[in-house]
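As provided, query18.txt (compact mmCIF, C-alpha atoms) reads as follows.
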# COMPACT_ATOMS: atom_id res chain seq x y z
CA MET X 1 5.42 -29.02 -20.72
CA THR X 2 4.69 -30.96 -17.53
CA ARG X 3 2.19 -29.75 -14.95
CA PHE X 4 5.09 -29.00 -12.58
CA GLY X 5 6.77 -26.91 -15.27
CA GLN X 6 3.54 -24.96 -15.89
CA VAL X 7 3.12 -24.21 -12.18
CA LEU X 8 6.75 -23.19 -11.82
CA LEU X 9 6.52 -20.93 -14.89
CA SER X 10 3.34 -19.33 -13.49
CA ILE X 11 5.07 -18.60 -10.17
CA VAL X 12 8.06 -17.05 -11.93
CA LEU X 13 5.83 -14.91 -14.16
CA ILE X 14 3.82 -13.67 -11.17
CA TRP X 15 7.03 -12.85 -9.30
CA VAL X 16 8.51 -11.00 -12.29
CA ALA X 17 5.29 -9.06 -12.93
CA ALA X 18 4.90 -8.00 -9.28
CA PRO X 19 5.41 -4.27 -8.75
CA VAL X 20 8.88 -3.38 -7.49
CA ASP X 21 7.64 -0.55 -5.26
CA ALA X 22 5.20 -2.54 -3.17
CA ALA X 23 3.65 -0.97 -0.10
CA VAL X 24 6.02 -0.57 2.80
CA ASP X 25 5.53 -2.91 5.75
CA LEU X 26 5.23 -0.49 8.70
CA ILE X 27 5.97 -1.36 12.31
CA GLU X 28 4.78 0.50 15.37
CA LEU X 29 7.77 1.42 17.50
CA PRO X 30 7.24 1.41 21.26
CA ALA X 31 8.30 4.62 23.05
CA GLU X 32 11.45 2.91 24.34
CA GLY X 33 12.34 1.82 20.80
CA ILE X 34 13.56 -1.60 19.75
CA GLN X 35 16.88 -3.39 19.93
CA ARG X 36 17.32 -6.66 18.06
CA THR X 37 19.83 -8.98 16.49
CA LYS X 38 19.10 -9.97 12.91
CA THR X 39 20.89 -12.24 10.46
CA PHE X 40 20.31 -11.55 6.77
CA VAL X 41 21.88 -12.28 3.40
CA ARG X 42 21.23 -9.36 1.04
CA GLU X 43 19.25 -6.63 2.77
CA PHE X 44 17.06 -5.93 5.76
CA GLU X 45 14.59 -3.07 6.23
CA LYS X 46 12.39 -1.60 8.98
CA CYS X 47 9.82 1.14 8.26
CA PHE X 48 7.86 3.23 10.75
CA PRO X 49 5.87 6.49 10.98
CA VAL X 50 7.62 9.65 12.19
CA LYS X 51 6.07 13.04 13.04
CA PRO X 52 7.65 16.33 11.93
CA GLY X 53 10.52 17.36 14.20
CA GLN X 54 10.92 13.95 15.81
CA VAL X 55 14.41 12.48 16.02
CA ILE X 56 15.26 9.03 14.68
CA VAL X 57 17.99 7.54 16.87
CA THR X 58 19.43 4.41 15.34
CA GLY X 59 22.57 2.45 14.70
CA HIS X 60 24.13 -0.96 14.52
CA ARG X 61 27.09 -3.16 15.29
CA SER X 62 27.86 -5.94 12.84
CA GLU X 63 30.36 -8.69 12.12
CA GLU X 64 31.40 -7.04 8.89
CA PRO X 65 30.74 -3.71 7.15
CA VAL X 66 27.22 -3.11 5.82
CA ASP X 67 25.68 -0.27 3.85
CA PHE X 68 23.11 1.74 5.84
CA ASP X 69 20.52 4.31 4.86
CA ILE X 70 17.47 6.15 6.11
CA HIS X 71 15.03 6.76 3.27
CA TYR X 72 11.42 7.52 2.47
CA HIS X 73 9.22 6.98 -0.55
CA GLU X 74 8.05 10.30 -1.97
CA THR X 75 6.07 8.49 -4.67
CA ASP X 76 5.93 4.87 -5.83
CA SER X 77 8.91 5.50 -8.09
CA SER X 78 10.81 8.18 -6.13
CA VAL X 79 12.92 7.31 -3.09
CA MET X 80 14.68 10.05 -1.12
CA THR X 81 17.71 9.10 1.00
CA PRO X 82 18.61 11.80 3.54
CA VAL X 83 21.15 9.55 5.31
CA ASP X 84 23.49 7.21 3.41
CA ARG X 85 26.46 5.59 5.16
CA PRO X 86 28.20 2.87 3.13
CA GLY X 87 30.44 0.14 4.47
CA LEU X 88 30.38 0.49 8.26
CA ALA X 89 30.50 -2.23 10.92
CA ALA X 90 29.53 0.24 13.68
CA LEU X 91 27.28 3.27 13.38
CA ASP X 92 25.29 5.69 15.55
CA VAL X 93 22.93 8.14 13.82
CA LYS X 94 20.50 10.85 14.88
CA TYR X 95 18.26 12.31 12.17
CA VAL X 96 15.61 15.03 12.65
CA ALA X 97 12.56 14.47 10.43
CA ASP X 98 11.61 17.60 8.51
CA LYS X 99 8.12 16.29 7.68
CA GLY X 100 5.77 13.70 9.03
CA ARG X 101 5.99 10.59 6.88
CA ASP X 102 6.94 6.93 6.94
CA TYR X 103 10.71 6.46 7.12
CA CYS X 104 12.63 3.26 6.40
CA ILE X 105 16.01 2.12 7.62
CA MET X 106 17.85 -0.33 5.40
CA TRP X 107 20.97 -2.39 5.84
CA ARG X 108 22.63 -4.04 2.83
CA ALA X 109 25.28 -6.74 2.99
CA LYS X 110 28.50 -6.03 1.10
CA SER X 111 28.86 -9.73 0.26
CA ARG X 112 26.56 -12.68 -0.37
CA ARG X 113 27.41 -14.22 3.00
CA ARG X 114 25.05 -14.14 5.96
CA VAL X 115 25.61 -11.08 8.14
CA ALA X 116 24.52 -10.68 11.75
CA ILE X 117 23.81 -7.18 13.05
CA ASN X 118 22.71 -5.85 16.39
CA PHE X 119 20.55 -2.81 15.63
CA TRP X 120 18.41 -0.33 17.51
CA ILE X 121 15.77 2.20 16.49
CA GLN X 122 14.03 4.80 18.62
CA VAL X 123 11.92 7.80 17.65
CA ARG X 124 12.08 10.63 20.19
CA ASP X 125 10.43 14.01 20.42
CA ALA X 126 13.01 16.75 19.83
CA PRO X 127 13.83 18.95 22.84
CA PRO X 128 11.79 22.19 22.84
CA GLY X 129 13.39 24.90 20.70
CA SER X 130 15.83 22.53 19.00
CA VAL X 131 13.85 22.25 15.76
CA ARG X 132 12.81 25.34 13.83
CA ASP X 133 9.13 25.54 12.91
CA PRO X 134 9.05 25.80 9.06
CA ASP X 135 5.97 28.06 9.28
CA GLN X 136 7.84 30.79 11.23

Go ahead and render the structure in this file as structure tokens.
Amino acid sequence: MTRFGQVLLSIVLIWVAAPVDAAVDLIELPAEGIQRTKTFVREFEKCFPVKPGQVIVTGHRSEEPVDFDIHYHETDSSVMTPVDRPGLAALDVKYVADKGRDYCIMWRAKSRRRVAINFWIQVRDAPPGSVRDPDQ
């Protein structure tokens, strides 16, 4: 085997052996949230910390339908998906976090073509009295 072949094989083996549930890449959201346009091929994800009772306000507009979800990693091998909306080109979502944890929003393309989406994410404090305290 040539040196190039050995290096290529090593890279492939490292990639295959890498853990699937790697640590989530967290972003800090400014108070006003973010609004961006992103082009992707297969999937695109943003993760961020949320406090209990806060509201995730998010959505997108895209050229073609995409699958959307809000999820969190309960353990390295357990992913919980409280919001799952498949195949939508336009979406507006508000989700109240029951616990403080890192949440992720993911968009998945329905095809292998490049997809452009305009998305927004904001985390707001819930209005007083709108979220029941689980300890009461």

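With all atoms listed in the file as the basis for measurement, X:Val41 is the residue among X:Cys47, X:Val41, X:Val96, X:Val55 that approaches Ile117 (chain X) most closely.
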
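The protein and nucleic acid residues lying at most 10 Å from Thr81 (chain X) are Asp69, Ile70, His71, Tyr72, His73, Tyr103, Cys104 and Ile105 of chain X, with all atoms listed in the file considered and sequence neighbours fewer than 5 positions away removed.
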
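Across the model, the gap from CA of Asp25 (chain X) to CA of Val66 (chain X) is 21.7 Å.
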
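The closest residue to Trp120 (chain X), picked from X:Pro65, X:Gly59, X:Gly53, X:Pro82 and counting only C-alpha atoms, is X:Gly59.
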
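Residues with any atom within 8 Å of Ser62 (chain X), counting only C-alpha atoms and excluding same-chain neighbours fewer than 2 positions away, are His60, Glu64, Pro65, Val66, Ala89, Ala90, Val115, Ala116, Ile117 and Asn118 of chain X.
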
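Between Gly87 (chain X) and the residues X:Arg101, X:Glu32, X:Gln122, X:Phe68, the shortest atom-to-atom distance, using only C-alpha atoms, involves X:Phe68.
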
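Here CA of Phe119 (chain X) and CA of Asp76 (chain X) stand 27.1 Å from one another.
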
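Using all atoms listed in the file, the shortest contact distance between Met106 (chain X) and any of X:Ala126, X:Val50, X:Val83, X:Ile56 is found at X:Val83.
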